[in-house]
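Engineer: Dropping in data12.cif, with mmCIF, N, CA and C atoms.
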```
data_query
#
loop_
_atom_site.label_atom_id
_atom_site.label_comp_id
_atom_site.auth_asym_id
_atom_site.auth_seq_id
_atom_site.Cartn_x
_atom_site.Cartn_y
_atom_site.Cartn_z
N MET A 1 -2.26 -2.03 19.24
CA MET A 1 -1.59 -2.16 17.96
C MET A 1 -0.10 -2.36 18.21
N GLN A 2 0.54 -3.06 17.28
CA GLN A 2 1.97 -3.28 17.41
C GLN A 2 2.67 -2.99 16.09
N TRP A 3 3.94 -2.57 16.18
CA TRP A 3 4.77 -2.32 15.01
C TRP A 3 5.60 -3.56 14.74
N ILE A 4 5.70 -3.94 13.47
CA ILE A 4 6.58 -5.03 13.05
C ILE A 4 7.46 -4.49 11.94
N GLU A 5 8.77 -4.69 12.05
CA GLU A 5 9.70 -4.21 11.02
C GLU A 5 10.20 -5.41 10.22
N LEU A 6 10.05 -5.32 8.91
CA LEU A 6 10.53 -6.35 7.99
C LEU A 6 11.34 -5.68 6.89
N ASP A 7 12.65 -5.62 7.04
CA ASP A 7 13.55 -4.99 6.06
C ASP A 7 13.13 -3.55 5.81
N ARG A 8 12.55 -3.25 4.66
CA ARG A 8 12.16 -1.88 4.32
C ARG A 8 10.66 -1.66 4.47
N THR A 9 9.99 -2.52 5.23
CA THR A 9 8.55 -2.43 5.41
C THR A 9 8.23 -2.43 6.91
N PHE A 10 7.25 -1.62 7.29
CA PHE A 10 6.79 -1.56 8.67
C PHE A 10 5.29 -1.83 8.67
N ILE A 11 4.83 -2.68 9.57
CA ILE A 11 3.42 -3.03 9.63
C ILE A 11 2.86 -2.65 11.00
N LEU A 12 1.72 -2.00 11.00
CA LEU A 12 0.99 -1.66 12.22
C LEU A 12 -0.25 -2.55 12.22
N LYS A 13 -0.30 -3.50 13.19
CA LYS A 13 -1.41 -4.45 13.22
C LYS A 13 -1.82 -4.73 14.65
N PRO A 14 -2.95 -5.44 14.85
CA PRO A 14 -3.41 -5.74 16.21
C PRO A 14 -2.35 -6.47 17.02
N ALA A 15 -2.28 -6.17 18.29
CA ALA A 15 -1.27 -6.75 19.17
C ALA A 15 -1.63 -8.14 19.65
N ASP A 16 -2.83 -8.63 19.34
CA ASP A 16 -3.26 -9.92 19.87
C ASP A 16 -2.97 -11.11 18.95
N GLY A 17 -2.16 -10.91 17.92
CA GLY A 17 -1.79 -12.01 17.03
C GLY A 17 -2.58 -12.08 15.74
N ARG A 18 -3.68 -11.33 15.64
CA ARG A 18 -4.42 -11.30 14.38
C ARG A 18 -3.66 -10.46 13.37
N ASP A 19 -3.94 -10.69 12.11
CA ASP A 19 -3.25 -9.95 11.05
C ASP A 19 -4.05 -8.79 10.48
N TYR A 20 -5.34 -8.70 10.83
CA TYR A 20 -6.21 -7.69 10.21
C TYR A 20 -7.06 -6.98 11.23
N PRO A 21 -7.38 -5.71 11.01
CA PRO A 21 -6.89 -4.86 9.92
C PRO A 21 -5.45 -4.41 10.20
N HIS A 22 -4.75 -4.01 9.14
CA HIS A 22 -3.40 -3.49 9.34
C HIS A 22 -3.05 -2.47 8.26
N VAL A 23 -2.00 -1.71 8.55
CA VAL A 23 -1.46 -0.74 7.60
C VAL A 23 0.00 -1.09 7.40
N THR A 24 0.43 -1.19 6.15
CA THR A 24 1.81 -1.50 5.80
C THR A 24 2.45 -0.25 5.23
N PHE A 25 3.56 0.18 5.84
CA PHE A 25 4.31 1.35 5.37
C PHE A 25 5.53 0.86 4.61
N ILE A 26 5.76 1.41 3.43
CA ILE A 26 6.87 1.00 2.58
C ILE A 26 7.93 2.10 2.60
N GLY A 27 9.18 1.72 2.83
CA GLY A 27 10.28 2.67 2.81
C GLY A 27 10.97 2.76 4.15
N LYS A 28 12.28 2.84 4.13
CA LYS A 28 13.07 2.83 5.36
C LYS A 28 13.14 4.20 6.02
N THR A 29 13.31 5.25 5.23
CA THR A 29 13.50 6.58 5.83
C THR A 29 12.44 7.59 5.45
N ASN A 30 11.72 7.38 4.37
CA ASN A 30 10.70 8.33 3.92
C ASN A 30 9.35 7.65 3.80
N LEU A 31 8.31 8.34 4.22
CA LEU A 31 6.96 7.83 3.99
C LEU A 31 6.64 8.08 2.53
N ASN A 32 6.57 7.02 1.77
CA ASN A 32 6.29 7.14 0.35
C ASN A 32 4.95 6.51 0.01
N LYS A 33 4.83 5.21 0.29
CA LYS A 33 3.59 4.49 0.01
C LYS A 33 3.17 3.71 1.24
N PHE A 34 1.87 3.52 1.38
CA PHE A 34 1.38 2.64 2.43
C PHE A 34 0.07 2.03 1.97
N HIS A 35 -0.23 0.86 2.53
CA HIS A 35 -1.38 0.09 2.12
C HIS A 35 -2.25 -0.23 3.32
N PHE A 36 -3.54 -0.16 3.13
CA PHE A 36 -4.50 -0.58 4.14
C PHE A 36 -5.02 -1.95 3.74
N SER A 37 -5.11 -2.86 4.70
CA SER A 37 -5.64 -4.20 4.45
C SER A 37 -6.61 -4.56 5.56
N SER A 38 -7.70 -5.19 5.19
CA SER A 38 -8.65 -5.67 6.18
C SER A 38 -9.25 -6.98 5.68
N ALA A 39 -9.83 -7.73 6.60
CA ALA A 39 -10.46 -9.00 6.24
C ALA A 39 -11.66 -9.21 7.15
N HIS A 40 -12.63 -9.95 6.63
CA HIS A 40 -13.86 -10.22 7.37
C HIS A 40 -14.30 -11.65 7.07
N TYR A 41 -14.61 -12.41 8.12
CA TYR A 41 -15.07 -13.79 7.97
C TYR A 41 -16.57 -13.81 7.76
N ASN A 42 -17.02 -14.58 6.77
CA ASN A 42 -18.44 -14.75 6.48
C ASN A 42 -18.85 -16.17 6.88
N LEU A 43 -19.55 -16.30 7.98
CA LEU A 43 -19.96 -17.61 8.50
C LEU A 43 -20.85 -18.36 7.52
N ALA A 44 -21.76 -17.66 6.85
CA ALA A 44 -22.73 -18.30 5.94
C ALA A 44 -22.04 -19.02 4.78
N THR A 45 -20.95 -18.47 4.27
CA THR A 45 -20.26 -19.07 3.13
C THR A 45 -18.93 -19.70 3.52
N ASN A 46 -18.53 -19.55 4.78
CA ASN A 46 -17.25 -20.04 5.28
C ASN A 46 -16.10 -19.54 4.41
N THR A 47 -16.15 -18.23 4.12
CA THR A 47 -15.11 -17.59 3.32
C THR A 47 -14.64 -16.33 4.04
N VAL A 48 -13.52 -15.81 3.58
CA VAL A 48 -12.98 -14.56 4.09
C VAL A 48 -12.94 -13.57 2.94
N SER A 49 -13.43 -12.37 3.19
CA SER A 49 -13.34 -11.28 2.23
C SER A 49 -12.17 -10.40 2.66
N ALA A 50 -11.15 -10.33 1.84
CA ALA A 50 -9.97 -9.52 2.14
C ALA A 50 -9.92 -8.34 1.19
N VAL A 51 -9.75 -7.13 1.73
CA VAL A 51 -9.68 -5.92 0.91
C VAL A 51 -8.36 -5.23 1.15
N ARG A 52 -7.83 -4.62 0.08
CA ARG A 52 -6.57 -3.87 0.17
C ARG A 52 -6.68 -2.62 -0.69
N LYS A 53 -6.01 -1.57 -0.26
CA LYS A 53 -5.98 -0.32 -1.02
C LYS A 53 -4.67 0.39 -0.73
N GLY A 54 -4.13 1.03 -1.74
CA GLY A 54 -2.86 1.74 -1.59
C GLY A 54 -3.02 3.25 -1.58
N TYR A 55 -2.13 3.87 -0.83
CA TYR A 55 -2.07 5.34 -0.74
C TYR A 55 -0.61 5.73 -0.91
N ARG A 56 -0.38 7.00 -1.21
CA ARG A 56 1.00 7.47 -1.29
C ARG A 56 1.06 8.91 -0.82
N TRP A 57 2.26 9.32 -0.47
CA TRP A 57 2.51 10.69 -0.08
C TRP A 57 2.87 11.48 -1.33
N ASN A 58 2.13 12.53 -1.62
CA ASN A 58 2.42 13.40 -2.74
C ASN A 58 3.21 14.58 -2.18
N GLY A 59 4.51 14.48 -2.26
CA GLY A 59 5.39 15.51 -1.69
C GLY A 59 5.23 16.87 -2.33
N MET A 60 4.92 16.89 -3.61
CA MET A 60 4.77 18.17 -4.30
C MET A 60 3.60 18.96 -3.72
N HIS A 61 2.51 18.26 -3.40
CA HIS A 61 1.35 18.93 -2.85
C HIS A 61 1.22 18.75 -1.35
N ARG A 62 2.16 18.01 -0.75
CA ARG A 62 2.19 17.77 0.70
C ARG A 62 0.87 17.22 1.23
N ARG A 63 0.46 16.09 0.63
CA ARG A 63 -0.78 15.47 1.09
C ARG A 63 -0.81 13.99 0.71
N VAL A 64 -1.69 13.26 1.39
CA VAL A 64 -1.92 11.85 1.10
C VAL A 64 -2.93 11.74 -0.03
N VAL A 65 -2.63 10.88 -1.01
CA VAL A 65 -3.53 10.66 -2.15
C VAL A 65 -3.63 9.16 -2.41
N ASP A 66 -4.60 8.76 -3.23
CA ASP A 66 -4.69 7.36 -3.66
C ASP A 66 -3.45 7.02 -4.48
N ASP A 67 -2.96 5.80 -4.33
CA ASP A 67 -1.82 5.33 -5.12
C ASP A 67 -2.36 4.77 -6.44
N PRO A 68 -2.06 5.42 -7.57
CA PRO A 68 -2.60 4.94 -8.85
C PRO A 68 -2.05 3.58 -9.24
N GLU A 69 -0.97 3.12 -8.60
CA GLU A 69 -0.39 1.82 -8.91
C GLU A 69 -0.92 0.72 -7.99
N PHE A 70 -1.83 1.06 -7.04
CA PHE A 70 -2.34 0.07 -6.10
C PHE A 70 -3.82 0.35 -5.87
N ASP A 71 -4.63 -0.02 -6.84
CA ASP A 71 -6.08 0.18 -6.74
C ASP A 71 -6.68 -0.70 -5.67
N GLU A 72 -7.86 -0.34 -5.23
CA GLU A 72 -8.58 -1.16 -4.26
C GLU A 72 -8.90 -2.51 -4.89
N ALA A 73 -8.70 -3.58 -4.10
CA ALA A 73 -8.97 -4.93 -4.58
C ALA A 73 -9.61 -5.74 -3.47
N THR A 74 -10.52 -6.63 -3.85
CA THR A 74 -11.17 -7.53 -2.91
C THR A 74 -10.96 -8.96 -3.37
N GLN A 75 -10.64 -9.84 -2.42
CA GLN A 75 -10.52 -11.26 -2.70
C GLN A 75 -11.48 -12.01 -1.79
N ILE A 76 -12.22 -12.96 -2.33
CA ILE A 76 -13.06 -13.85 -1.54
C ILE A 76 -12.30 -15.18 -1.48
N LEU A 77 -11.93 -15.59 -0.27
CA LEU A 77 -11.01 -16.71 -0.11
C LEU A 77 -11.58 -17.79 0.81
N PRO A 78 -11.26 -19.05 0.54
CA PRO A 78 -11.72 -20.12 1.41
C PRO A 78 -10.96 -20.12 2.74
N VAL A 79 -11.62 -20.57 3.78
CA VAL A 79 -10.99 -20.71 5.09
C VAL A 79 -10.13 -21.97 5.05
N THR A 80 -8.90 -21.88 5.56
CA THR A 80 -8.00 -23.04 5.59
C THR A 80 -7.93 -23.68 6.96
N GLY A 81 -8.42 -22.99 8.00
CA GLY A 81 -8.40 -23.56 9.34
C GLY A 81 -9.14 -22.67 10.32
N LYS A 82 -9.47 -23.25 11.45
CA LYS A 82 -10.17 -22.51 12.50
C LYS A 82 -9.55 -22.91 13.83
N ASN A 83 -9.22 -21.92 14.65
CA ASN A 83 -8.64 -22.18 15.96
C ASN A 83 -9.30 -21.23 16.96
N GLY A 84 -10.29 -21.75 17.68
CA GLY A 84 -11.01 -20.90 18.63
C GLY A 84 -11.71 -19.77 17.92
N PRO A 85 -11.43 -18.53 18.33
CA PRO A 85 -12.12 -17.38 17.73
C PRO A 85 -11.45 -16.82 16.48
N VAL A 86 -10.53 -17.57 15.89
CA VAL A 86 -9.75 -17.08 14.74
C VAL A 86 -9.83 -18.07 13.60
N VAL A 87 -9.98 -17.55 12.37
CA VAL A 87 -9.89 -18.40 11.17
C VAL A 87 -8.63 -18.01 10.42
N THR A 88 -8.08 -18.97 9.68
CA THR A 88 -6.91 -18.70 8.85
C THR A 88 -7.30 -18.85 7.39
N PHE A 89 -6.55 -18.17 6.53
CA PHE A 89 -6.78 -18.21 5.10
C PHE A 89 -5.49 -17.85 4.40
N ASN A 90 -5.42 -18.12 3.11
CA ASN A 90 -4.24 -17.80 2.30
C ASN A 90 -4.61 -16.75 1.26
N LEU A 91 -3.86 -15.68 1.21
CA LEU A 91 -4.07 -14.66 0.18
C LEU A 91 -3.51 -15.15 -1.14
N ARG A 92 -4.16 -14.79 -2.24
CA ARG A 92 -3.57 -15.06 -3.54
C ARG A 92 -2.31 -14.21 -3.64
N GLY A 93 -1.26 -14.79 -4.15
CA GLY A 93 -0.02 -14.05 -4.26
C GLY A 93 1.03 -14.50 -3.26
N GLY A 94 0.67 -15.43 -2.35
CA GLY A 94 1.71 -16.01 -1.53
C GLY A 94 1.64 -15.92 -0.02
N ARG A 95 0.89 -15.00 0.53
CA ARG A 95 0.83 -14.90 1.99
C ARG A 95 -0.09 -15.99 2.53
N VAL A 96 0.49 -16.92 3.29
CA VAL A 96 -0.28 -18.04 3.81
C VAL A 96 -0.46 -17.91 5.32
N GLY A 97 -1.50 -18.57 5.83
CA GLY A 97 -1.72 -18.58 7.27
C GLY A 97 -2.14 -17.25 7.85
N GLN A 98 -2.82 -16.41 7.08
CA GLN A 98 -3.31 -15.13 7.58
C GLN A 98 -4.44 -15.37 8.56
N LYS A 99 -4.57 -14.51 9.58
CA LYS A 99 -5.55 -14.72 10.64
C LYS A 99 -6.49 -13.53 10.78
N VAL A 100 -7.77 -13.86 10.94
CA VAL A 100 -8.77 -12.83 11.23
C VAL A 100 -9.73 -13.40 12.27
N GLN A 101 -10.17 -12.54 13.16
CA GLN A 101 -11.05 -12.96 14.24
C GLN A 101 -12.46 -13.19 13.73
N ILE A 102 -13.06 -14.29 14.18
CA ILE A 102 -14.46 -14.57 13.86
C ILE A 102 -15.30 -13.50 14.55
N GLY A 103 -16.24 -12.94 13.84
CA GLY A 103 -17.11 -11.92 14.42
C GLY A 103 -16.57 -10.51 14.36
N ALA A 104 -15.33 -10.36 13.87
CA ALA A 104 -14.80 -9.00 13.72
C ALA A 104 -15.62 -8.28 12.66
N PRO A 105 -16.01 -7.04 12.90
CA PRO A 105 -16.84 -6.34 11.92
C PRO A 105 -16.07 -6.07 10.63
N ALA A 106 -16.80 -6.07 9.54
CA ALA A 106 -16.19 -5.69 8.26
C ALA A 106 -15.77 -4.22 8.35
N VAL A 107 -14.61 -3.91 7.86
CA VAL A 107 -14.09 -2.55 7.90
C VAL A 107 -14.09 -1.99 6.48
N ALA A 108 -14.75 -0.88 6.30
CA ALA A 108 -14.78 -0.25 4.98
C ALA A 108 -13.40 0.32 4.65
N VAL A 109 -13.05 0.27 3.40
CA VAL A 109 -11.77 0.82 2.96
C VAL A 109 -11.84 2.34 3.08
N PRO A 110 -10.91 2.93 3.84
CA PRO A 110 -10.96 4.39 4.01
C PRO A 110 -10.53 5.14 2.76
N THR A 111 -11.08 6.33 2.60
CA THR A 111 -10.62 7.22 1.53
C THR A 111 -9.24 7.74 1.90
N ALA A 112 -8.57 8.38 0.97
CA ALA A 112 -7.26 8.96 1.26
C ALA A 112 -7.38 9.99 2.38
N ALA A 113 -8.45 10.78 2.38
CA ALA A 113 -8.64 11.79 3.42
C ALA A 113 -8.86 11.13 4.78
N GLN A 114 -9.66 10.06 4.83
CA GLN A 114 -9.89 9.36 6.09
C GLN A 114 -8.60 8.73 6.61
N MET A 115 -7.82 8.14 5.71
CA MET A 115 -6.55 7.55 6.12
C MET A 115 -5.59 8.63 6.62
N ALA A 116 -5.54 9.75 5.93
CA ALA A 116 -4.68 10.85 6.37
C ALA A 116 -5.11 11.35 7.74
N ASN A 117 -6.40 11.49 7.96
CA ASN A 117 -6.89 11.91 9.28
C ASN A 117 -6.48 10.93 10.36
N ALA A 118 -6.63 9.64 10.09
CA ALA A 118 -6.28 8.61 11.08
C ALA A 118 -4.79 8.64 11.43
N LEU A 119 -3.96 9.01 10.47
CA LEU A 119 -2.52 9.07 10.68
C LEU A 119 -2.01 10.47 11.00
N SER A 120 -2.94 11.41 11.14
CA SER A 120 -2.60 12.82 11.41
C SER A 120 -1.65 13.39 10.37
N LEU A 121 -1.99 13.15 9.09
CA LEU A 121 -1.21 13.67 7.98
C LEU A 121 -2.05 14.63 7.16
N PRO A 122 -1.44 15.58 6.47
CA PRO A 122 -2.21 16.50 5.63
C PRO A 122 -2.88 15.78 4.46
N HIS A 123 -4.02 16.30 4.05
CA HIS A 123 -4.71 15.76 2.87
C HIS A 123 -5.42 16.86 2.14
#
```
Could you express the structure from this file as structure tokens?
Structural biologist:
Amino acid sequence: MQWIELDRTFILKPADGRDYPHVTFIGKTNLNKFHFSSAHYNLATNTVSAVRKGYRWNGMHRRVVDDPEFDEATQILPVTGKNGPVVTFNLRGGRVGQKVQIGAPAVAVPTAAQMANALSLPH
């Protein structure tokens, strides 16, 4: 996995150039909100299923919870290109040229507790 810093956002994603799965952390100095994103290529339909879900840090209760402003969402998207073991697609909303490995297993969206466990945070 590799860290990428973009202004006030930090992304933890595969180090081999693929974009999924990844976790996006929002905020420069405080962990406030973060999003999980994953994608899976479907050979039968030549589409990509992209899922996203938001979480946030509830400082009052000192635990990770679901972000009520970022519900789980799934997009079924057409493939825009194929290069060896990777397909590209465009997310609705502007992110173009996203990459996911062909044959990568579909990743279920983790619960807030599962995400907190993975990040070693209280829940």
Engineer: Give as a ChimeraX atom specification each residue that has an atom at most 8 Å from (-0.5, 5.1, -0.7) in the file, counting only N, CA and C atoms.
Structural biologist: /A:32-36,53-58,64-68,70
Engineer: On this file, the PyMOL selection byres (((chain A and resi 27 and name CA) around 12) and name CA) gives some set of residues; write that set as an MDAnalysis selection string.
Structural biologist: chainID A and resid 5:11 24:26 28:35 56:57
Engineer: Just list as a VMD selection string whatever in chain A DSSP marks as alpha helix (DSSP H).
Structural biologist: chain A and resid 112 to 118
Engineer: From a DSSP calculation on the backbone, collect every residue of chain A in strand (DSSP E or B) and output the set as a ChimeraX atom specification.
Structural biologist: /A:2-6,9-13,22-26,33-42,47-58,63-66,73-83,86-89,98-101
Engineer: Which is closest to A:Asn46 among A:Pro78, A:Gly59, A:Val23, A:Ala104, if we use all atoms listed in the file?
Structural biologist: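 For A:Asn46, the nearest of the given residues is A:Pro78.
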Engineer: Measure the distance from atom C of A:Pro14 to atom C of A:Glu69 in Å and round it to one decimal.
Structural biologist: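 Computing it gives 26.1 Å between the two atoms.
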Engineer: For the atom pair atom C of A:Ala113 and atom C of A:Lys99, what is the interatomic distance in Å to one decimal place?
Structural biologist: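 About the pair atom C of A:Ala113 and atom C of A:Lys99: they are 25.5 Å apart.
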Engineer: What separation in Å, quoted to one decimal, exists between atom C of A:Asp16 and atom N of A:Pro122?
Structural biologist: 29.5 Å
Engineer: Would you list the contacts of A:Val100 as an MDAnalysis selection string, taking every protein, DNA or RNA residue within 8 Å and counting only N, CA and C atoms, but skipping same-chain residues closer than 2 positions in sequence?
Structural biologist: chainID A and resid 17:21 39:41 85:89 97:98 102:104
